[in-house]
$ cat start25.pdb   # PDB, N, CA and C atoms, pLDDT in the B column
ATOM      1  N   MET A   4     -37.549  15.886   6.439  1.00 82.00           N
ATOM      2  CA  MET A   4     -36.125  16.145   6.577  1.00 82.00           C
ATOM      3  C   MET A   4     -35.301  15.110   5.802  1.00 82.00           C
ATOM      4  N   LYS A   5     -35.711  13.858   5.885  1.00 84.00           N
ATOM      5  CA  LYS A   5     -34.970  12.795   5.217  1.00 84.00           C
ATOM      6  C   LYS A   5     -35.032  12.953   3.696  1.00 84.00           C
ATOM      7  N   LYS A   6     -36.189  13.380   3.184  1.00 88.00           N
ATOM      8  CA  LYS A   6     -36.329  13.570   1.741  1.00 88.00           C
ATOM      9  C   LYS A   6     -35.477  14.734   1.247  1.00 88.00           C
ATOM     10  N   VAL A   7     -35.305  15.747   2.074  1.00 90.00           N
ATOM     11  CA  VAL A   7     -34.474  16.890   1.697  1.00 90.00           C
ATOM     12  C   VAL A   7     -33.010  16.463   1.586  1.00 90.00           C
ATOM     13  N   LEU A   8     -32.541  15.683   2.537  1.00 90.00           N
ATOM     14  CA  LEU A   8     -31.157  15.201   2.498  1.00 90.00           C
ATOM     15  C   LEU A   8     -30.919  14.284   1.302  1.00 90.00           C
ATOM     16  N   ILE A   9     -31.890  13.437   1.017  1.00 91.00           N
ATOM     17  CA  ILE A   9     -31.766  12.544  -0.138  1.00 91.00           C
ATOM     18  C   ILE A   9     -31.758  13.370  -1.428  1.00 91.00           C
ATOM     19  N   SER A  10     -32.567  14.408  -1.491  1.00 92.00           N
ATOM     20  CA  SER A  10     -32.600  15.271  -2.682  1.00 92.00           C
ATOM     21  C   SER A  10     -31.272  16.008  -2.864  1.00 92.00           C
ATOM     22  N   ILE A  11     -30.723  16.510  -1.775  1.00 93.00           N
ATOM     23  CA  ILE A  11     -29.429  17.205  -1.842  1.00 93.00           C
ATOM     24  C   ILE A  11     -28.327  16.242  -2.268  1.00 93.00           C
ATOM     25  N   LEU A  12     -28.318  15.053  -1.678  1.00 93.00           N
ATOM     26  CA  LEU A  12     -27.311  14.053  -2.037  1.00 93.00           C
ATOM     27  C   LEU A  12     -27.442  13.639  -3.504  1.00 93.00           C
ATOM     28  N   LEU A  13     -28.664  13.463  -3.970  1.00 94.00           N
ATOM     29  CA  LEU A  13     -28.883  13.094  -5.372  1.00 94.00           C
ATOM     30  C   LEU A  13     -28.427  14.209  -6.307  1.00 94.00           C
ATOM     31  N   ALA A  14     -28.719  15.463  -5.952  1.00 95.00           N
ATOM     32  CA  ALA A  14     -28.286  16.590  -6.770  1.00 95.00           C
ATOM     33  C   ALA A  14     -26.758  16.672  -6.806  1.00 95.00           C
ATOM     34  N   PHE A  15     -26.120  16.422  -5.675  1.00 94.00           N
ATOM     35  CA  PHE A  15     -24.656  16.447  -5.622  1.00 94.00           C
ATOM     36  C   PHE A  15     -24.056  15.349  -6.498  1.00 94.00           C
ATOM     37  N   VAL A  16     -24.593  14.150  -6.383  1.00 93.00           N
ATOM     38  CA  VAL A  16     -24.084  13.020  -7.178  1.00 93.00           C
ATOM     39  C   VAL A  16     -24.277  13.290  -8.669  1.00 93.00           C
ATOM     40  N   LEU A  17     -25.423  13.800  -9.050  1.00 92.00           N
ATOM     41  CA  LEU A  17     -25.665  14.106 -10.464  1.00 92.00           C
ATOM     42  C   LEU A  17     -24.739  15.211 -10.968  1.00 92.00           C
ATOM     43  N   THR A  18     -24.455  16.198 -10.115  1.00 90.00           N
ATOM     44  CA  THR A  18     -23.526  17.266 -10.498  1.00 90.00           C
ATOM     45  C   THR A  18     -22.126  16.720 -10.698  1.00 90.00           C
ATOM     46  N   VAL A  19     -21.678  15.866  -9.804  1.00 86.00           N
ATOM     47  CA  VAL A  19     -20.338  15.274  -9.929  1.00 86.00           C
ATOM     48  C   VAL A  19     -20.250  14.410 -11.179  1.00 86.00           C
ATOM     49  N   ILE A  20     -21.258  13.607 -11.426  1.00 86.00           N
ATOM     50  CA  ILE A  20     -21.256  12.762 -12.626  1.00 86.00           C
ATOM     51  C   ILE A  20     -21.282  13.619 -13.881  1.00 86.00           C
ATOM     52  N   GLY A  21     -22.105  14.653 -13.887  1.00 81.00           N
ATOM     53  CA  GLY A  21     -22.182  15.531 -15.057  1.00 81.00           C
ATOM     54  C   GLY A  21     -20.871  16.256 -15.327  1.00 81.00           C
ATOM     55  N   ALA A  22     -20.196  16.715 -14.268  1.00 76.00           N
ATOM     56  CA  ALA A  22     -18.914  17.407 -14.443  1.00 76.00           C
ATOM     57  C   ALA A  22     -17.830  16.446 -14.911  1.00 76.00           C
ATOM     58  N   SER A  23     -17.846  15.214 -14.416  1.00 75.00           N
ATOM     59  CA  SER A  23     -16.805  14.267 -14.815  1.00 75.00           C
ATOM     60  C   SER A  23     -17.014  13.774 -16.244  1.00 75.00           C
ATOM     61  N   VAL A  24     -18.250  13.687 -16.688  1.00 73.00           N
ATOM     62  CA  VAL A  24     -18.526  13.226 -18.046  1.00 73.00           C
ATOM     63  C   VAL A  24     -18.211  14.320 -19.066  1.00 73.00           C
ATOM     64  N   SER A  25     -18.650  15.532 -18.769  1.00 68.00           N
ATOM     65  CA  SER A  25     -18.460  16.607 -19.743  1.00 68.00           C
ATOM     66  C   SER A  25     -17.077  17.232 -19.644  1.00 68.00           C
ATOM     67  N   GLY A  26     -16.479  17.211 -18.484  1.00 64.00           N
ATOM     68  CA  GLY A  26     -15.189  17.854 -18.293  1.00 64.00           C
ATOM     69  C   GLY A  26     -15.372  19.351 -18.144  1.00 64.00           C
ATOM     70  N   CYS A  27     -14.452  19.978 -17.489  1.00 61.00           N
ATOM     71  CA  CYS A  27     -14.579  21.413 -17.243  1.00 61.00           C
ATOM     72  C   CYS A  27     -13.657  22.235 -18.130  1.00 61.00           C
ATOM     73  N   HIS A  28     -12.742  21.583 -18.835  1.00 63.00           N
ATOM     74  CA  HIS A  28     -11.738  22.314 -19.596  1.00 63.00           C
ATOM     75  C   HIS A  28     -12.320  23.002 -20.822  1.00 63.00           C
ATOM     76  N   GLY A  29     -13.164  22.333 -21.568  1.00 59.00           N
ATOM     77  CA  GLY A  29     -13.599  22.863 -22.847  1.00 59.00           C
ATOM     78  C   GLY A  29     -14.913  23.610 -22.838  1.00 59.00           C
ATOM     79  N   LEU A  30     -15.439  23.918 -21.675  1.00 66.00           N
ATOM     80  CA  LEU A  30     -16.762  24.526 -21.640  1.00 66.00           C
ATOM     81  C   LEU A  30     -16.766  25.948 -22.181  1.00 66.00           C
ATOM     82  N   GLY A  31     -15.696  26.719 -21.986  1.00 77.00           N
ATOM     83  CA  GLY A  31     -15.675  28.101 -22.432  1.00 77.00           C
ATOM     84  C   GLY A  31     -14.843  28.330 -23.670  1.00 77.00           C
ATOM     85  N   GLU A  32     -14.549  27.289 -24.427  1.00 80.00           N
ATOM     86  CA  GLU A  32     -13.688  27.413 -25.600  1.00 80.00           C
ATOM     87  C   GLU A  32     -14.498  27.284 -26.883  1.00 80.00           C
ATOM     88  N   THR A  33     -14.048  28.014 -27.876  1.00 86.00           N
ATOM     89  CA  THR A  33     -14.634  27.837 -29.201  1.00 86.00           C
ATOM     90  C   THR A  33     -13.890  26.704 -29.911  1.00 86.00           C
ATOM     91  N   ALA A  34     -14.398  26.305 -31.053  1.00 87.00           N
ATOM     92  CA  ALA A  34     -13.755  25.233 -31.810  1.00 87.00           C
ATOM     93  C   ALA A  34     -12.366  25.659 -32.276  1.00 87.00           C
ATOM     94  N   ALA A  35     -12.208  26.936 -32.644  1.00 92.00           N
ATOM     95  CA  ALA A  35     -10.904  27.425 -33.098  1.00 92.00           C
ATOM     96  C   ALA A  35      -9.893  27.424 -31.957  1.00 92.00           C
ATOM     97  N   GLU A  36     -10.322  27.806 -30.764  1.00 90.00           N
ATOM     98  CA  GLU A  36      -9.417  27.803 -29.620  1.00 90.00           C
ATOM     99  C   GLU A  36      -9.002  26.380 -29.268  1.00 90.00           C
ATOM    100  N   ARG A  37      -9.930  25.453 -29.336  1.00 88.00           N
ATOM    101  CA  ARG A  37      -9.624  24.061 -29.042  1.00 88.00           C
ATOM    102  C   ARG A  37      -8.658  23.496 -30.074  1.00 88.00           C
ATOM    103  N   ALA A  38      -8.864  23.820 -31.352  1.00 93.00           N
ATOM    104  CA  ALA A  38      -7.957  23.353 -32.407  1.00 93.00           C
ATOM    105  C   ALA A  38      -6.562  23.938 -32.218  1.00 93.00           C
ATOM    106  N   ASP A  39      -6.491  25.215 -31.820  1.00 95.00           N
ATOM    107  CA  ASP A  39      -5.197  25.845 -31.565  1.00 95.00           C
ATOM    108  C   ASP A  39      -4.500  25.178 -30.390  1.00 95.00           C
ATOM    109  N   ASP A  40      -5.264  24.820 -29.366  1.00 92.00           N
ATOM    110  CA  ASP A  40      -4.716  24.123 -28.209  1.00 92.00           C
ATOM    111  C   ASP A  40      -4.134  22.772 -28.608  1.00 92.00           C
ATOM    112  N   HIS A  41      -4.869  22.029 -29.420  1.00 94.00           N
ATOM    113  CA  HIS A  41      -4.390  20.717 -29.873  1.00 94.00           C
ATOM    114  C   HIS A  41      -3.146  20.858 -30.745  1.00 94.00           C
ATOM    115  N   LYS A  42      -3.115  21.881 -31.586  1.00 97.00           N
ATOM    116  CA  LYS A  42      -1.947  22.108 -32.445  1.00 97.00           C
ATOM    117  C   LYS A  42      -0.717  22.423 -31.600  1.00 97.00           C
ATOM    118  N   ARG A  43      -0.895  23.254 -30.581  1.00 96.00           N
ATOM    119  CA  ARG A  43       0.216  23.613 -29.704  1.00 96.00           C
ATOM    120  C   ARG A  43       0.729  22.390 -28.936  1.00 96.00           C
ATOM    121  N   GLN A  44      -0.180  21.553 -28.460  1.00 96.00           N
ATOM    122  CA  GLN A  44       0.212  20.340 -27.752  1.00 96.00           C
ATOM    123  C   GLN A  44       0.955  19.381 -28.674  1.00 96.00           C
ATOM    124  N   ARG A  45       0.500  19.267 -29.916  1.00 97.00           N
ATOM    125  CA  ARG A  45       1.167  18.388 -30.889  1.00 97.00           C
ATOM    126  C   ARG A  45       2.580  18.897 -31.186  1.00 97.00           C
ATOM    127  N   THR A  46       2.728  20.233 -31.333  1.00 96.00           N
ATOM    128  CA  THR A  46       4.036  20.816 -31.595  1.00 96.00           C
ATOM    129  C   THR A  46       4.985  20.548 -30.437  1.00 96.00           C
ATOM    130  N   LEU A  47       4.525  20.737 -29.209  1.00 96.00           N
ATOM    131  CA  LEU A  47       5.373  20.487 -28.044  1.00 96.00           C
ATOM    132  C   LEU A  47       5.750  19.016 -27.932  1.00 96.00           C
ATOM    133  N   THR A  48       4.803  18.137 -28.227  1.00 96.00           N
ATOM    134  CA  THR A  48       5.096  16.703 -28.184  1.00 96.00           C
ATOM    135  C   THR A  48       6.148  16.340 -29.223  1.00 96.00           C
ATOM    136  N   ASP A  49       6.023  16.878 -30.426  1.00 96.00           N
ATOM    137  CA  ASP A  49       7.018  16.612 -31.474  1.00 96.00           C
ATOM    138  C   ASP A  49       8.393  17.125 -31.064  1.00 96.00           C
ATOM    139  N   GLN A  50       8.454  18.298 -30.445  1.00 95.00           N
ATOM    140  CA  GLN A  50       9.740  18.841 -30.003  1.00 95.00           C
ATOM    141  C   GLN A  50      10.361  17.975 -28.912  1.00 95.00           C
ATOM    142  N   MET A  51       9.546  17.464 -27.995  1.00 95.00           N
ATOM    143  CA  MET A  51      10.070  16.609 -26.933  1.00 95.00           C
ATOM    144  C   MET A  51      10.574  15.282 -27.490  1.00 95.00           C
ATOM    145  N   ILE A  52       9.869  14.729 -28.487  1.00 95.00           N
ATOM    146  CA  ILE A  52      10.328  13.486 -29.114  1.00 95.00           C
ATOM    147  C   ILE A  52      11.675  13.718 -29.802  1.00 95.00           C
ATOM    148  N   THR A  53      11.800  14.849 -30.494  1.00 94.00           N
ATOM    149  CA  THR A  53      13.067  15.175 -31.155  1.00 94.00           C
ATOM    150  C   THR A  53      14.196  15.302 -30.128  1.00 94.00           C
ATOM    151  N   ASP A  54      13.920  15.966 -29.012  1.00 92.00           N
ATOM    152  CA  ASP A  54      14.930  16.100 -27.957  1.00 92.00           C
ATOM    153  C   ASP A  54      15.328  14.738 -27.392  1.00 92.00           C
ATOM    154  N   ASP A  55      14.365  13.837 -27.219  1.00 93.00           N
ATOM    155  CA  ASP A  55      14.661  12.507 -26.702  1.00 93.00           C
ATOM    156  C   ASP A  55      15.524  11.707 -27.675  1.00 93.00           C
ATOM    157  N   VAL A  56      15.214  11.793 -28.961  1.00 93.00           N
ATOM    158  CA  VAL A  56      16.005  11.074 -29.966  1.00 93.00           C
ATOM    159  C   VAL A  56      17.428  11.644 -30.019  1.00 93.00           C
ATOM    160  N   ASP A  57      17.549  12.969 -29.980  1.00 90.00           N
ATOM    161  CA  ASP A  57      18.879  13.594 -29.974  1.00 90.00           C
ATOM    162  C   ASP A  57      19.688  13.162 -28.762  1.00 90.00           C
ATOM    163  N   ALA A  58      19.050  13.076 -27.606  1.00 89.00           N
ATOM    164  CA  ALA A  58      19.763  12.639 -26.404  1.00 89.00           C
ATOM    165  C   ALA A  58      20.171  11.174 -26.506  1.00 89.00           C
ATOM    166  N   ALA A  59      19.312  10.343 -27.110  1.00 91.00           N
ATOM    167  CA  ALA A  59      19.625   8.919 -27.237  1.00 91.00           C
ATOM    168  C   ALA A  59      20.822   8.699 -28.162  1.00 91.00           C
ATOM    169  N   PHE A  60      20.911   9.486 -29.226  1.00 89.00           N
ATOM    170  CA  PHE A  60      22.026   9.346 -30.158  1.00 89.00           C
ATOM    171  C   PHE A  60      23.172  10.305 -29.842  1.00 89.00           C
ATOM    172  N   GLN A  61      23.071  10.989 -28.723  1.00 84.00           N
ATOM    173  CA  GLN A  61      24.091  11.905 -28.227  1.00 84.00           C
ATOM    174  C   GLN A  61      24.437  12.996 -29.241  1.00 84.00           C
ATOM    175  N   THR A  62      23.426  13.509 -29.895  1.00 85.00           N
ATOM    176  CA  THR A  62      23.647  14.623 -30.815  1.00 85.00           C
ATOM    177  C   THR A  62      23.083  15.920 -30.232  1.00 85.00           C
ATOM    178  N   ASP A  63      22.789  15.900 -28.935  1.00 79.00           N
ATOM    179  CA  ASP A  63      22.192  17.068 -28.309  1.00 79.00           C
ATOM    180  C   ASP A  63      23.222  18.054 -27.777  1.00 79.00           C
ATOM    181  N   ARG A  64      24.503  17.703 -27.819  1.00 78.00           N
ATOM    182  CA  ARG A  64      25.536  18.639 -27.367  1.00 78.00           C
ATOM    183  C   ARG A  64      26.691  18.618 -28.365  1.00 78.00           C
ATOM    184  N   PRO A  65      27.448  19.685 -28.418  1.00 77.00           N
ATOM    185  CA  PRO A  65      28.529  19.742 -29.399  1.00 77.00           C
ATOM    186  C   PRO A  65      29.625  18.720 -29.107  1.00 77.00           C
ATOM    187  N   SER A  66      30.275  18.317 -30.170  1.00 75.00           N
ATOM    188  CA  SER A  66      31.376  17.373 -30.040  1.00 75.00           C
ATOM    189  C   SER A  66      32.577  18.063 -29.427  1.00 75.00           C
ATOM    190  N   ARG A  67      33.325  17.324 -28.641  1.00 75.00           N
ATOM    191  CA  ARG A  67      34.542  17.890 -28.047  1.00 75.00           C
ATOM    192  C   ARG A  67      35.783  17.513 -28.850  1.00 75.00           C
ATOM    193  N   LEU A  68      35.554  16.943 -30.007  1.00 77.00           N
ATOM    194  CA  LEU A  68      36.684  16.587 -30.856  1.00 77.00           C
ATOM    195  C   LEU A  68      37.211  17.839 -31.535  1.00 77.00           C
ATOM    196  N   THR A  69      38.507  17.909 -31.698  1.00 73.00           N
ATOM    197  CA  THR A  69      39.115  19.067 -32.326  1.00 73.00           C
ATOM    198  C   THR A  69      39.131  18.895 -33.840  1.00 73.00           C
ATOM    199  N   GLU A  70      39.055  19.998 -34.532  1.00 76.00           N
ATOM    200  CA  GLU A  70      39.112  19.933 -35.996  1.00 76.00           C
ATOM    201  C   GLU A  70      40.558  19.914 -36.489  1.00 76.00           C
ATOM    202  N   TYR A  71      41.503  20.073 -35.573  1.00 80.00           N
ATOM    203  CA  TYR A  71      42.916  20.094 -35.934  1.00 80.00           C
ATOM    204  C   TYR A  71      43.553  18.732 -35.679  1.00 80.00           C
ATOM    205  N   THR A  72      44.590  18.431 -36.429  1.00 75.00           N
ATOM    206  CA  THR A  72      45.307  17.174 -36.268  1.00 75.00           C
ATOM    207  C   THR A  72      46.109  17.207 -34.971  1.00 75.00           C
ATOM    208  N   VAL A  73      45.930  16.176 -34.181  1.00 70.00           N
ATOM    209  CA  VAL A  73      46.654  16.096 -32.907  1.00 70.00           C
ATOM    210  C   VAL A  73      47.676  14.990 -33.036  1.00 70.00           C
ATOM    211  N   ARG A  74      48.946  15.283 -32.662  1.00 68.00           N
ATOM    212  CA  ARG A  74      50.000  14.289 -32.795  1.00 68.00           C
ATOM    213  C   ARG A  74      50.274  13.602 -31.500  1.00 68.00           C
TER     214      ARG A  74
END
$ encode --input "start25.pdb" --output "structure tokens"
Amino acid sequence: MKKVLISILLAFVLTVIGASVSGCHGLGETAAERADDHKRQRTLTDQMITDDVDAAFQTDRPSRLTEYTVR
């Protein structure tokens, strides 16, 4: 009985280690799908950086200044 429990525990530990090392995200993906995923993530990151820079320089909303001369 004790050897069975040790075997089950060892199998569980090895499964957890194997899943954490290999990861579960990319197991069913082809190289093209993974490359497309990385490209999409890079595009979103670039867009977020642009939005952050626009907000920092306050160019993310229209100016409230009038184009007409005010006296």
$ axis_aligned_box --input "start25.pdb" --around "region 31-38 of chain A" --padding-each-side "5 Å" --output "lines of an AutoDock Vina configuration file"
center_x = -11.1
center_y = 25.8
center_z = -27.5
size_x = 19.1
size_y = 15.0
size_z = 21.1
$ atom_distance --input "start25.pdb" --atom1 "CA of Phe60 (chain A)" --atom2 "CA of Val73 (chain A)"
25.7 Å
$ atom_distance --input "start25.pdb" --atom1 "CA of Ser10 (chain A)" --atom2 "CA of Ser23 (chain A)"
19.9 Å
$ atom_distance --input "start25.pdb" --atom1 "atom N of Thr62 (chain A)" --atom2 "atom N of Lys42 (chain A)"
27.9 Å
